$ cat target-v8.cif   # mmCIF, C-alpha atoms
data_start
loop_
_atom_site.label_atom_id
_atom_site.label_comp_id
_atom_site.auth_asym_id
_atom_site.auth_seq_id
_atom_site.Cartn_x
_atom_site.Cartn_y
_atom_site.Cartn_z
CA MET V 1 -22.46 -9.60 -11.59
CA LYS V 2 -25.46 -10.53 -9.45
CA ARG V 3 -23.10 -11.89 -6.81
CA GLU V 4 -21.15 -8.61 -6.72
CA GLU V 5 -24.41 -6.71 -6.43
CA ASN V 6 -25.46 -8.83 -3.44
CA LYS V 7 -22.06 -8.38 -1.81
CA LEU V 8 -22.31 -4.61 -2.20
CA ASN V 9 -25.83 -4.64 -0.69
CA VAL V 10 -24.62 -6.67 2.30
CA LEU V 11 -21.70 -4.32 2.80
CA LEU V 12 -23.85 -1.21 2.55
CA ARG V 13 -26.37 -2.58 5.04
CA ARG V 14 -23.65 -2.54 7.69
CA PHE V 15 -23.68 1.27 7.52
CA VAL V 16 -27.15 2.35 6.38
CA ASP V 17 -30.68 0.95 6.52
CA GLU V 18 -31.98 -1.44 3.89
CA ALA V 19 -33.73 1.15 1.71
CA ALA V 20 -30.74 3.50 1.68
CA ALA V 21 -28.41 0.59 1.00
CA GLU V 22 -30.53 -0.44 -1.95
CA ALA V 23 -30.52 3.10 -3.37
CA MET V 24 -26.77 3.55 -2.89
CA SER V 25 -26.07 0.17 -4.45
CA GLN V 26 -28.09 1.11 -7.54
CA ASP V 27 -26.29 4.48 -7.80
CA ILE V 28 -22.90 2.80 -7.65
CA GLN V 29 -23.86 0.22 -10.25
CA LYS V 30 -25.17 2.90 -12.58
CA GLY V 31 -21.93 4.81 -12.12
CA ASP V 32 -19.88 1.71 -12.91
CA ALA V 33 -21.96 1.07 -16.00
CA LEU V 34 -21.39 4.65 -17.10
CA LEU V 35 -17.62 4.34 -16.68
CA LYS V 36 -17.64 1.14 -18.72
CA ARG V 37 -19.25 2.96 -21.63
CA PHE V 38 -16.05 4.92 -22.20
CA ALA V 39 -13.10 3.37 -23.92
CA ASP V 40 -9.86 3.23 -21.97
CA PRO V 41 -6.91 5.32 -23.12
CA VAL V 42 -4.48 2.97 -24.83
CA LEU V 43 -0.74 2.96 -24.37
CA SER V 44 0.90 3.00 -27.80
CA ASP V 45 3.31 0.22 -28.78
CA LYS V 46 6.07 2.80 -29.12
CA ALA V 47 5.51 3.96 -25.56
CA LYS V 48 5.40 0.35 -24.40
CA ASP V 49 8.75 -0.32 -26.07
CA LEU V 50 10.23 2.73 -24.36
CA ILE V 51 8.98 1.48 -21.02
CA ARG V 52 10.52 -1.95 -21.69
CA ALA V 53 13.83 -0.37 -22.71
CA ARG V 54 13.98 1.76 -19.59
CA PHE V 55 12.93 -1.17 -17.50
CA GLU V 56 15.67 -3.37 -18.96
CA ALA V 57 18.22 -0.57 -18.50
CA VAL V 58 17.33 -0.31 -14.82
CA CYS V 59 17.48 -4.09 -14.34
CA SER V 60 20.83 -4.44 -16.06
CA ALA V 61 22.22 -1.41 -14.18
CA ARG V 62 21.19 -3.11 -10.95
CA ARG V 63 22.84 -6.36 -11.99
CA ARG V 64 26.02 -4.47 -12.87
CA ALA V 65 25.90 -2.57 -9.59
CA ARG V 66 25.45 -5.82 -7.68
CA ARG V 67 28.38 -7.46 -9.49
CA LEU V 68 30.53 -4.39 -8.83
CA MET V 69 29.51 -4.35 -5.18
CA PHE V 70 30.42 -8.02 -4.75
CA GLY V 71 33.72 -7.40 -6.56
CA VAL V 72 34.61 -4.45 -4.34
CA ALA V 73 33.54 -6.39 -1.25
CA GLY V 74 35.74 -9.32 -2.31
CA VAL V 75 38.79 -7.10 -2.85
CA ALA V 76 38.18 -5.37 0.48
CA ALA V 77 37.89 -8.72 2.27
CA ALA V 78 41.13 -9.95 0.68
CA ALA V 79 42.91 -6.71 1.69
CA VAL V 80 41.67 -7.05 5.28
CA ALA V 81 42.78 -10.69 5.42
CA LEU V 82 46.23 -9.77 4.09
CA PHE V 83 46.52 -6.93 6.59
CA VAL V 84 45.54 -9.25 9.47
CA VAL V 85 48.13 -11.86 8.43
CA LEU V 86 50.88 -9.22 8.15
CA PHE V 87 49.86 -7.61 11.42
CA ILE V 88 49.98 -10.94 13.28
CA GLY V 89 53.32 -11.76 11.71
CA ASN V 90 54.85 -8.42 12.71
CA ASN V 91 53.32 -7.79 16.10
CA LEU V 92 52.44 -11.02 17.83
CA GLY V 93 55.96 -12.67 17.83
CA PRO V 94 58.48 -12.34 20.75
CA SER V 95 59.29 -8.65 21.08
CA PRO V 96 62.79 -7.33 21.92
CA VAL V 97 61.36 -5.91 25.14
CA SER V 98 59.87 -9.15 26.43
CA SER V 99 62.86 -11.25 25.31
CA PRO V 100 65.98 -9.07 25.31
CA ASN V 101 68.24 -12.05 24.49
CA ARG V 102 66.49 -12.87 21.22
CA ASP V 103 69.55 -11.87 19.21
CA ILE V 104 71.98 -13.97 21.24
CA ALA V 105 72.75 -17.21 19.48
CA LEU V 106 71.56 -20.22 21.44
CA PRO V 107 73.83 -23.25 21.68
CA HIS V 108 73.15 -25.89 19.11
CA THR V 109 70.26 -24.21 17.37
CA ASP V 110 71.02 -25.97 14.15
CA GLU V 111 69.51 -29.43 14.33
CA ARG V 112 71.56 -30.68 11.42
CA LEU V 113 74.88 -30.25 13.27
CA PRO V 114 76.17 -33.10 15.52
CA LEU V 115 75.74 -32.67 19.25
CA PRO V 116 78.82 -31.21 21.02
CA ILE V 117 80.94 -33.85 22.79
CA GLN V 118 80.68 -33.58 26.57
CA PRO V 119 83.86 -34.47 28.61
CA GLU V 120 83.39 -37.51 30.81
CA ARG V 121 82.88 -36.79 34.50
CA GLN V 122 85.90 -37.52 36.71
CA PRO V 123 85.63 -38.80 40.33
CA VAL V 124 86.02 -35.96 42.81
CA ALA V 125 87.81 -36.26 46.19
CA ALA V 126 85.48 -36.31 49.20
CA THR V 127 85.20 -33.05 51.07
CA SER V 128 85.29 -32.64 54.86
CA ASP V 129 81.49 -32.30 54.94
CA GLU V 130 81.10 -35.64 53.19
CA ILE V 131 83.56 -37.30 55.62
CA PHE V 132 81.65 -35.87 58.60
CA THR V 133 78.36 -37.15 57.20
CA GLU V 134 79.81 -40.61 56.63
CA ASP V 135 81.15 -40.72 60.23
CA LEU V 136 77.77 -39.79 61.62
CA LYS V 137 76.15 -42.51 59.54
CA ALA V 138 78.67 -45.05 60.90
CA VAL V 139 77.91 -44.00 64.52
CA ALA V 140 74.21 -44.30 63.88
CA ARG V 141 74.64 -47.76 62.36
CA TYR V 142 76.77 -48.86 65.34
CA LEU V 143 74.24 -47.63 67.87
CA TRP V 144 71.41 -49.22 65.98
CA ASP V 145 73.09 -52.62 65.65
CA ASP V 146 74.35 -52.72 69.18
CA GLY V 147 71.14 -51.90 71.11
CA SER V 148 72.30 -53.91 74.23
CA ASN V 149 74.13 -50.89 75.67
CA ALA V 150 71.16 -48.61 75.31
CA ASP V 151 70.18 -48.73 78.98
CA SER V 152 73.71 -48.56 80.40
CA GLY V 153 75.88 -45.52 80.99
CA ASP V 154 78.39 -46.96 78.52
CA PHE V 155 76.00 -46.08 75.73
CA PHE V 156 76.54 -42.36 76.22
CA THR V 157 80.25 -42.89 76.72
CA VAL V 158 80.41 -44.54 73.35
CA ILE V 159 78.51 -41.69 71.75
CA ARG V 160 80.74 -39.14 73.37
CA GLU V 161 83.88 -40.90 72.22
CA GLU V 162 82.64 -41.11 68.71
CA LEU V 163 81.62 -37.47 68.67
CA ASP V 164 85.03 -36.51 70.08
CA ASN V 165 86.65 -38.43 67.30
CA ILE V 166 84.55 -36.61 64.72
CA ALA V 167 85.33 -33.25 66.30
CA ALA V 168 89.01 -34.10 66.27
CA ALA V 169 88.80 -35.03 62.65
CA ILE V 170 87.05 -31.77 61.81
CA GLU V 171 89.63 -29.80 63.78
CA ALA V 172 92.45 -31.56 61.97
CA ASP V 173 90.76 -30.78 58.71
CA ARG V 174 90.38 -27.14 59.70
CA MET V 175 94.01 -26.87 60.77
CA GLU V 176 95.06 -28.26 57.49
CA SER V 177 92.88 -25.86 55.51
CA GLU V 178 94.03 -22.88 57.51
CA SER V 179 97.67 -23.62 57.01
CA VAL V 180 98.97 -20.37 55.52
CA ALA V 181 99.75 -20.39 51.86
CA PRO V 182 102.93 -18.58 50.78
CA GLU V 183 101.05 -15.85 48.86
CA ARG V 184 99.16 -14.85 52.02
CA PHE V 185 102.37 -13.55 53.47
CA ILE V 186 102.36 -11.05 50.66
CA HIS V 187 98.65 -10.14 50.37
CA GLY V 188 97.41 -10.91 53.92
CA ALA V 189 94.28 -12.89 54.82
CA SER V 190 91.04 -11.73 53.25
CA SER V 191 87.87 -10.96 55.25
CA GLU V 192 86.41 -14.13 53.82
CA ASP V 193 89.18 -16.20 55.35
CA ALA V 194 88.60 -14.52 58.71
CA GLN V 195 84.90 -15.34 58.64
CA GLN V 196 85.59 -18.96 57.76
CA ARG V 197 88.10 -19.30 60.57
CA ALA V 198 85.69 -17.81 63.12
CA ARG V 199 83.00 -20.26 62.05
CA SER V 200 85.39 -23.23 62.45
CA LEU V 201 86.45 -22.15 65.93
CA ILE V 202 82.86 -21.89 67.06
CA THR V 203 82.13 -25.39 65.74
CA ALA V 204 85.15 -26.87 67.47
CA ASP V 205 84.31 -25.16 70.77
CA PHE V 206 80.80 -26.55 70.53
CA TRP V 207 81.98 -30.14 70.16
CA LYS V 208 84.52 -29.76 72.89
CA GLY V 209 81.78 -28.61 75.24
CA MET G 1 -7.32 -11.20 -12.34
CA ILE G 2 -4.64 -13.88 -12.08
CA GLU G 3 -5.39 -17.25 -10.46
CA GLN G 4 -3.80 -17.69 -7.02
CA GLN G 5 -1.43 -20.52 -8.06
CA GLU G 6 -0.39 -18.72 -11.20
CA LEU G 7 0.07 -15.50 -9.25
CA SER G 8 2.30 -17.20 -6.70
CA THR G 9 4.59 -18.56 -9.45
CA PHE G 10 4.53 -15.22 -11.22
CA ILE G 11 5.56 -13.34 -8.07
CA LYS G 12 8.38 -15.79 -7.35
CA ARG G 13 9.69 -15.25 -10.86
CA LEU G 14 9.47 -11.49 -10.40
CA GLN G 15 11.30 -11.66 -7.08
CA LYS G 16 14.07 -13.65 -8.75
CA ARG G 17 14.24 -10.81 -11.30
CA ASP G 18 13.31 -13.05 -14.19
CA ALA G 19 13.39 -10.87 -17.32
CA GLY G 20 10.51 -12.85 -18.85
CA ALA G 21 8.33 -12.22 -15.82
CA PHE G 22 8.95 -8.49 -15.99
CA GLU G 23 8.05 -8.56 -19.65
CA GLU G 24 4.81 -10.29 -18.69
CA LEU G 25 4.21 -7.69 -15.98
CA VAL G 26 4.53 -4.87 -18.50
CA GLU G 27 2.27 -6.70 -20.91
CA ARG G 28 -0.43 -7.39 -18.33
CA TYR G 29 -0.56 -4.18 -16.36
CA SER G 30 0.96 -1.33 -18.36
CA GLY G 31 -2.33 -0.64 -20.19
CA ARG G 32 -4.40 -0.42 -17.00
CA CYS G 33 -1.77 1.68 -15.24
CA TYR G 34 -1.45 4.01 -18.20
CA ALA G 35 -5.23 4.49 -18.34
CA TYR G 36 -5.30 5.17 -14.58
CA PHE G 37 -2.62 7.85 -14.88
CA TYR G 38 -4.07 9.30 -18.06
CA ARG G 39 -7.52 9.71 -16.53
CA LEU G 40 -6.00 11.55 -13.60
CA CYS G 41 -3.48 13.86 -15.25
CA GLY G 42 -4.95 14.09 -18.75
CA ASN G 43 -1.55 14.26 -20.41
CA PRO G 44 -0.31 11.36 -22.57
CA GLU G 45 3.42 12.14 -22.24
CA GLN G 46 3.12 12.65 -18.53
CA SER G 47 1.14 9.42 -18.21
CA GLU G 48 3.78 7.47 -20.14
CA GLU G 49 6.45 8.91 -17.90
CA LEU G 50 4.44 7.94 -14.82
CA VAL G 51 3.94 4.36 -16.08
CA SER G 52 7.63 4.10 -16.85
CA GLU G 53 8.53 5.33 -13.35
CA LEU G 54 5.97 2.99 -11.86
CA PHE G 55 7.60 -0.10 -13.38
CA VAL G 56 11.00 1.00 -12.18
CA ARG G 57 9.48 1.35 -8.70
CA LEU G 58 7.97 -2.10 -8.97
CA VAL G 59 11.43 -3.55 -9.66
CA GLU G 60 12.68 -1.90 -6.50
CA LYS G 61 9.71 -2.87 -4.36
CA ILE G 62 8.83 -6.35 -5.61
CA LYS G 63 10.62 -7.97 -2.64
CA THR G 64 8.26 -6.19 -0.25
CA PHE G 65 5.21 -7.97 -1.70
CA ASN G 66 4.26 -10.66 0.80
CA GLY G 67 1.07 -12.23 -0.46
CA GLY G 68 -2.52 -11.00 -0.76
CA SER G 69 -3.99 -9.29 -3.79
CA PHE G 70 -1.32 -8.34 -6.32
CA GLU G 71 -3.60 -5.70 -7.88
CA LYS G 72 -4.06 -4.11 -4.47
CA TRP G 73 -0.30 -3.95 -3.95
CA LEU G 74 0.43 -2.71 -7.47
CA PHE G 75 -2.19 0.03 -7.42
CA THR G 76 -1.13 1.12 -3.93
CA VAL G 77 2.32 1.77 -5.39
CA ALA G 78 0.71 3.51 -8.38
CA SER G 79 -1.50 5.64 -6.13
CA ASN G 80 1.49 6.68 -4.00
CA GLN G 81 3.33 7.56 -7.15
CA PHE G 82 0.47 9.72 -8.37
CA ARG G 83 0.44 11.56 -5.04
CA ASP G 84 4.19 12.16 -5.36
CA TYR G 85 3.51 13.54 -8.81
CA LEU G 86 0.85 15.90 -7.41
CA ARG G 87 3.26 17.10 -4.73
CA ARG G 88 5.91 17.78 -7.35
CA GLN G 89 3.37 19.69 -9.44
CA TYR G 90 2.29 21.71 -6.41
CA ARG G 91 5.87 22.58 -5.53
CA TYR G 92 6.53 23.51 -9.15
CA LYS G 93 3.49 25.77 -9.32
CA ARG G 94 4.40 27.41 -6.04
CA LEU G 95 7.80 28.30 -7.41
CA LEU G 96 6.30 30.27 -10.29
CA ASP G 97 4.83 33.67 -9.63
CA GLU G 98 1.42 34.58 -10.96
CA ALA G 99 2.63 36.30 -14.15
CA ALA G 100 4.93 33.47 -15.06
CA GLU G 101 2.13 31.00 -14.38
CA GLN G 102 -0.18 32.92 -16.71
CA GLN G 103 2.46 32.98 -19.42
CA ARG G 104 3.06 29.25 -18.99
CA ARG G 105 -0.68 28.52 -19.33
CA GLU G 106 -0.88 30.54 -22.56
CA GLU G 107 2.15 28.84 -24.00
CA GLU G 108 0.77 25.45 -23.04
CA ALA G 109 -2.61 26.27 -24.65
CA ASP G 110 -0.82 27.43 -27.84
CA ARG G 111 1.27 24.29 -27.92
CA ARG G 112 -1.78 22.05 -27.47
CA GLU G 113 -3.70 23.89 -30.18
CA HIS G 114 -0.73 23.60 -32.48
CA THR G 115 -0.28 19.86 -31.93
CA GLY G 116 -3.99 19.05 -31.74
CA GLU G 117 -3.67 17.98 -28.11
CA HIS G 118 -6.40 20.40 -27.07
CA VAL G 119 -8.98 17.76 -27.95
CA ILE G 120 -10.11 16.19 -24.74
CA PHE G 121 -9.95 12.40 -24.88
CA ASP G 122 -13.69 11.98 -24.11
CA ARG G 123 -16.47 13.39 -21.96
CA LEU G 124 -15.42 11.26 -19.05
CA GLN G 125 -12.02 12.94 -19.08
CA TRP G 126 -13.74 16.31 -19.18
CA ALA G 127 -15.93 15.36 -16.18
CA LEU G 128 -13.04 13.92 -14.19
CA GLU G 129 -11.07 17.14 -14.59
CA ARG G 130 -13.96 18.95 -12.93
CA LEU G 131 -14.08 16.62 -9.95
CA ASP G 132 -11.80 17.23 -6.98
CA THR G 133 -8.52 15.32 -7.28
CA GLU G 134 -9.17 13.03 -4.31
CA THR G 135 -12.56 11.83 -5.60
CA ALA G 136 -11.29 11.39 -9.14
CA GLU G 137 -8.33 9.42 -7.84
CA LEU G 138 -10.58 7.22 -5.71
CA LEU G 139 -12.97 6.47 -8.60
CA MET G 140 -10.18 5.65 -11.03
CA LEU G 141 -8.32 3.60 -8.45
CA ARG G 142 -11.42 1.47 -7.88
CA TYR G 143 -12.20 1.20 -11.58
CA TYR G 144 -8.73 0.21 -12.81
CA SER G 145 -7.45 -1.81 -9.86
CA GLU G 146 -10.71 -3.84 -9.83
CA VAL G 147 -10.39 -4.41 -6.07
CA GLY G 148 -13.34 -4.60 -3.66
CA PHE G 149 -14.39 -1.88 -1.22
CA LYS G 150 -12.65 -3.50 1.75
CA GLU G 151 -9.30 -3.62 -0.02
CA LEU G 152 -9.83 -0.13 -1.40
CA ALA G 153 -10.39 1.15 2.13
CA GLU G 154 -7.22 -0.62 3.29
CA MET G 155 -5.24 0.91 0.44
CA ARG G 156 -6.39 4.37 1.50
CA ASN G 157 -6.11 3.74 5.25
CA GLU G 158 -9.70 4.72 5.93
CA PRO G 159 -12.87 2.93 7.20
CA VAL G 160 -14.90 0.96 4.63
CA GLY G 161 -17.96 3.13 5.31
CA THR G 162 -16.02 6.27 4.42
CA THR G 163 -14.78 4.75 1.16
CA LEU G 164 -18.29 3.55 0.25
CA SER G 165 -19.73 6.96 0.92
CA LYS G 166 -17.03 8.77 -1.09
CA VAL G 167 -17.39 6.42 -4.06
CA HIS G 168 -21.16 6.76 -3.99
CA ARG G 169 -21.03 10.55 -3.91
CA GLY G 170 -18.31 10.72 -6.55
CA LEU G 171 -20.13 8.47 -8.99
CA LYS G 172 -23.37 10.34 -8.46
CA LYS G 173 -21.64 13.65 -9.16
CA LEU G 174 -19.98 12.21 -12.24
CA ARG G 175 -23.30 10.92 -13.56
CA LEU G 176 -24.95 14.30 -12.99
CA MET G 177 -22.17 16.08 -14.87
CA LEU G 178 -22.30 13.68 -17.78
CA ASP G 179 -26.13 13.79 -17.90
CA ASP G 180 -26.02 17.59 -17.96
CA ALA G 181 -23.43 17.53 -20.69
CA GLU G 182 -25.69 15.36 -22.82
#

$ encode --input "target-v8.cif" --output "structure tokens"
Amino acid sequence: MKREENKLNVLLRRFVDEAAAEAMSQDIQKGDALLKRFADPVLSDKAKDLIRARFEAVCSARRRARRLMFGVAGVAAAAVALFVVLFIGNNLGPSPVSSPNRDIALPHTDERLPLPIQPERQPVAATSDEIFTEDLKAVARYLWDDGSNADSGDFFTVIREELDNIAAAIEADRMESESVAPERFIHGASSEDAQQRARSLITADFWKG
Amino acid sequence: MIEQQELSTFIKRLQKRDAGAFEELVERYSGRCYAYFYRLCGNPEQSEELVSELFVRLVEKIKTFNGGSFEKWLFTVASNQFRDYLRRQYRYKRLLDEAAEQQRREEEADRREHTGEHVIFDRLQWALERLDTETAELLMLRYYSEVGFKELAEMRNEPVGTTLSKVHRGLKKLRLMLDDAE
């Protein structure tokens, strides 16, 4: 009590002079003593029980509300997850616009079936282009192996002869391919045939100089 | 006053919504809170209702308590609640016209006489009813919360000097009234 009195004096001296602080302190202590003389109103046990009951009702209502909230939140989360899964399944696959052939059956889509048997490849007769390429390779090999004639005029003679031979071979090939088939007498030559013939003539003229 | 260590454990239990802790809270503070409200409104039923509301508020607000004096925090909530009560009363009175107010007073007086409620609890109650509400509230807040002047000033958001001065004047006035009554 004495300690509290001293504390109050110290506090009061921050605002008023020492004498005033002393007087105020005494007034406050007398006032406190007066208040202590009166008994406090007492809360009846019945009222206390009512407070407890209300208090418990509020607490349990809150617990119920929290459980309900978590339940609703859980159901909502599950619904959202389900929606997302369905949405991805329906919308993020190949669309008919981006892959118009999605309904066309692909060959051998069933892995359980045996692979289809492929026919063996048969040797194909060499075409005129392949013959020409082979001839050029032969000339090149000849010139390469026989480098002694490189400085003489015979070297170019040899080349010319070989090229003439190739041109003759091409011409013979062309003549053979242009030989008129019997049906062309009926239908006439197509524009494609005419273009091919013109190309062959130009090639032959070139080689003949 | 609760010891600091004990208080800390008690608050943790309250924040975890331990039913036993709330029971303890009611046991420890309901009497002081009831007396505080009773001294200010002078009506036992109203005071019980206010205490009941106060404990519901404490359940809602207990998570906002972050250390310091528990009494200071509790009686700040109680004080705010009393001010809300005054505002409600003011609004209620404003809604009634003068004649209806007069009729209500007469009916209230008759009811009190009939039930024996007209007896004022004690002379202190009589004196407090004659003080202005703010001073009465300040004196009772200090008396029942048992907090120091610094904390009291913080609770009321005013300088310590102002609180000291108001308490001093209020107590002096109260003493004069009670001395005159004797």

$ resolve_selection --input "target-v8.cif" --expression "the PyMOL selection byres ((chain G and resi 86) around 12)" --output "list in words"
Phe37, Leu40, Cys41, Gln46, Leu50, Ser79, Asn80, Gln81, Phe82, Arg83, Asp84, Tyr85, Arg87, Arg88, Gln89, Tyr90, Arg91, Tyr92, Lys93, Thr133, Glu134 and Glu137 of chain G

$ write_last_selection --input "target-v8.cif" --atoms "C-alpha atoms" --output "JSON list (two decimals), in the coordinates of the input"
[["chain", "number", "residue", "atom", "x", "y", "z"],
["G", 37, "PHE", "CA", -2.62, 7.85, -14.88],
["G", 40, "LEU", "CA", -6.00, 11.55, -13.60],
["G", 41, "CYS", "CA", -3.48, 13.86, -15.25],
["G", 46, "GLN", "CA", 3.12, 12.65, -18.53],
["G", 50, "LEU", "CA", 4.44, 7.94, -14.82],
["G", 79, "SER", "CA", -1.50, 5.64, -6.13],
["G", 80, "ASN", "CA", 1.49, 6.68, -4.00],
["G", 81, "GLN", "CA", 3.33, 7.56, -7.15],
["G", 82, "PHE", "CA", 0.47, 9.72, -8.37],
["G", 83, "ARG", "CA", 0.44, 11.56, -5.04],
["G", 84, "ASP", "CA", 4.19, 12.16, -5.36],
["G", 85, "TYR", "CA", 3.51, 13.54, -8.81],
["G", 87, "ARG", "CA", 3.26, 17.10, -4.73],
["G", 88, "ARG", "CA", 5.91, 17.78, -7.35],
["G", 89, "GLN", "CA", 3.37, 19.69, -9.44],
["G", 90, "TYR", "CA", 2.29, 21.71, -6.41],
["G", 91, "ARG", "CA", 5.87, 22.58, -5.53],
["G", 92, "TYR", "CA", 6.53, 23.51, -9.15],
["G", 93, "LYS", "CA", 3.49, 25.77, -9.32],
["G", 133, "THR", "CA", -8.52, 15.32, -7.28],
["G", 134, "GLU", "CA", -9.17, 13.03, -4.31],
["G", 137, "GLU", "CA", -8.33, 9.42, -7.84]]

$ closest_atom_pairs --input "target-v8.cif" --of "chain G" --to "chain V" --cutoff "7 Å" --atoms "all atoms listed in the file" --output "Markdown table"
| residue | atom | partner | partner_atom | distance |
| --- | --- | --- | --- | --- |
| G:Gly31 | CA | V:Leu43 | CA | 5.7 |
| G:Tyr34 | CA | V:Leu43 | CA | 6.3 |
| G:Ala35 | CA | V:Pro41 | CA | 5.1 |
| G:Glu48 | CA | V:Ala47 | CA | 6.7 |
| G:Ser52 | CA | V:Ile51 | CA | 5.1 |
| G:Phe55 | CA | V:Phe55 | CA | 6.8 |
| G:Val56 | CA | V:Phe55 | CA | 6.1 |
| G:Gly161 | CA | V:Phe15 | CA | 6.4 |
| G:His168 | CA | V:Ile28 | CA | 5.7 |
| G:Leu171 | CA | V:Gly31 | CA | 5.1 |
| G:Lys172 | CA | V:Asp27 | CA | 6.6 |
| G:Arg175 | CA | V:Gly31 | CA | 6.4 |

$ atom_distance --input "target-v8.cif" --atom1 "atom CA of G:Gly148" --atom2 "atom CA of G:Val167"
11.7 Å

$ resolve_selection --input "target-v8.cif" --expression "the PyMOL selection byres ((chain G and resi 64) around 12)" --output "PyMOL selection string"
chain G and resi 11-12+14-15+57-63+65-68+70+73-74+77

$ residues_around --input "target-v8.cif" --residues "G:Glu129" --least-positions-apart "2" --cutoff "12 Å" --atoms "only C-alpha atoms" --output "ChimeraX atom specification"
/G:38-43,120-127,131-137,174,177

$ closest_residue --input "target-v8.cif" --among "G:Phe149, G:Glu24, G:Asp180, G:Leu128" --to "V:Val10" --atoms "all atoms listed in the file"
G:Phe149

$ atom_distance --input "target-v8.cif" --atom1 "atom CA of G:Glu151" --atom2 "atom CA of G:Lys72"
6.9 Å

$ closest_residue --input "target-v8.cif" --among "V:Val75, V:Ala167, V:Ala61, V:Leu68" --to "V:Ile202" --atoms "only C-alpha atoms"
V:Ala167

$ atom_distance --input "target-v8.cif" --atom1 "atom CA of V:Arg66" --atom2 "atom CA of G:Ser8"
25.8 Å

$ residues_around --input "target-v8.cif" --residues "G:Tyr143" --least-positions-apart "2" --cutoff "9 Å" --atoms "all atoms listed in the file" --output "ChimeraX atom specification"
/V:32,35-36 /G:36,138-141,145-147

$ write_last_selection --input "target-v8.cif" --atoms "C-alpha atoms" --output "mmCIF file, in the coordinates of the input"
data_model
loop_
_atom_site.group_PDB
_atom_site.id
_atom_site.type_symbol
_atom_site.label_atom_id
_atom_site.label_comp_id
_atom_site.auth_asym_id
_atom_site.auth_seq_id
_atom_site.Cartn_x
_atom_site.Cartn_y
_atom_site.Cartn_z
ATOM 1 C CA ASP V 32 -19.880 1.710 -12.910
ATOM 2 C CA LEU V 35 -17.620 4.340 -16.680
ATOM 3 C CA LYS V 36 -17.640 1.140 -18.720
ATOM 4 C CA TYR G 36 -5.300 5.170 -14.580
ATOM 5 C CA LEU G 138 -10.580 7.220 -5.710
ATOM 6 C CA LEU G 139 -12.970 6.470 -8.600
ATOM 7 C CA MET G 140 -10.180 5.650 -11.030
ATOM 8 C CA LEU G 141 -8.320 3.600 -8.450
ATOM 9 C CA SER G 145 -7.450 -1.810 -9.860
ATOM 10 C CA GLU G 146 -10.710 -3.840 -9.830
ATOM 11 C CA VAL G 147 -10.390 -4.410 -6.070
#
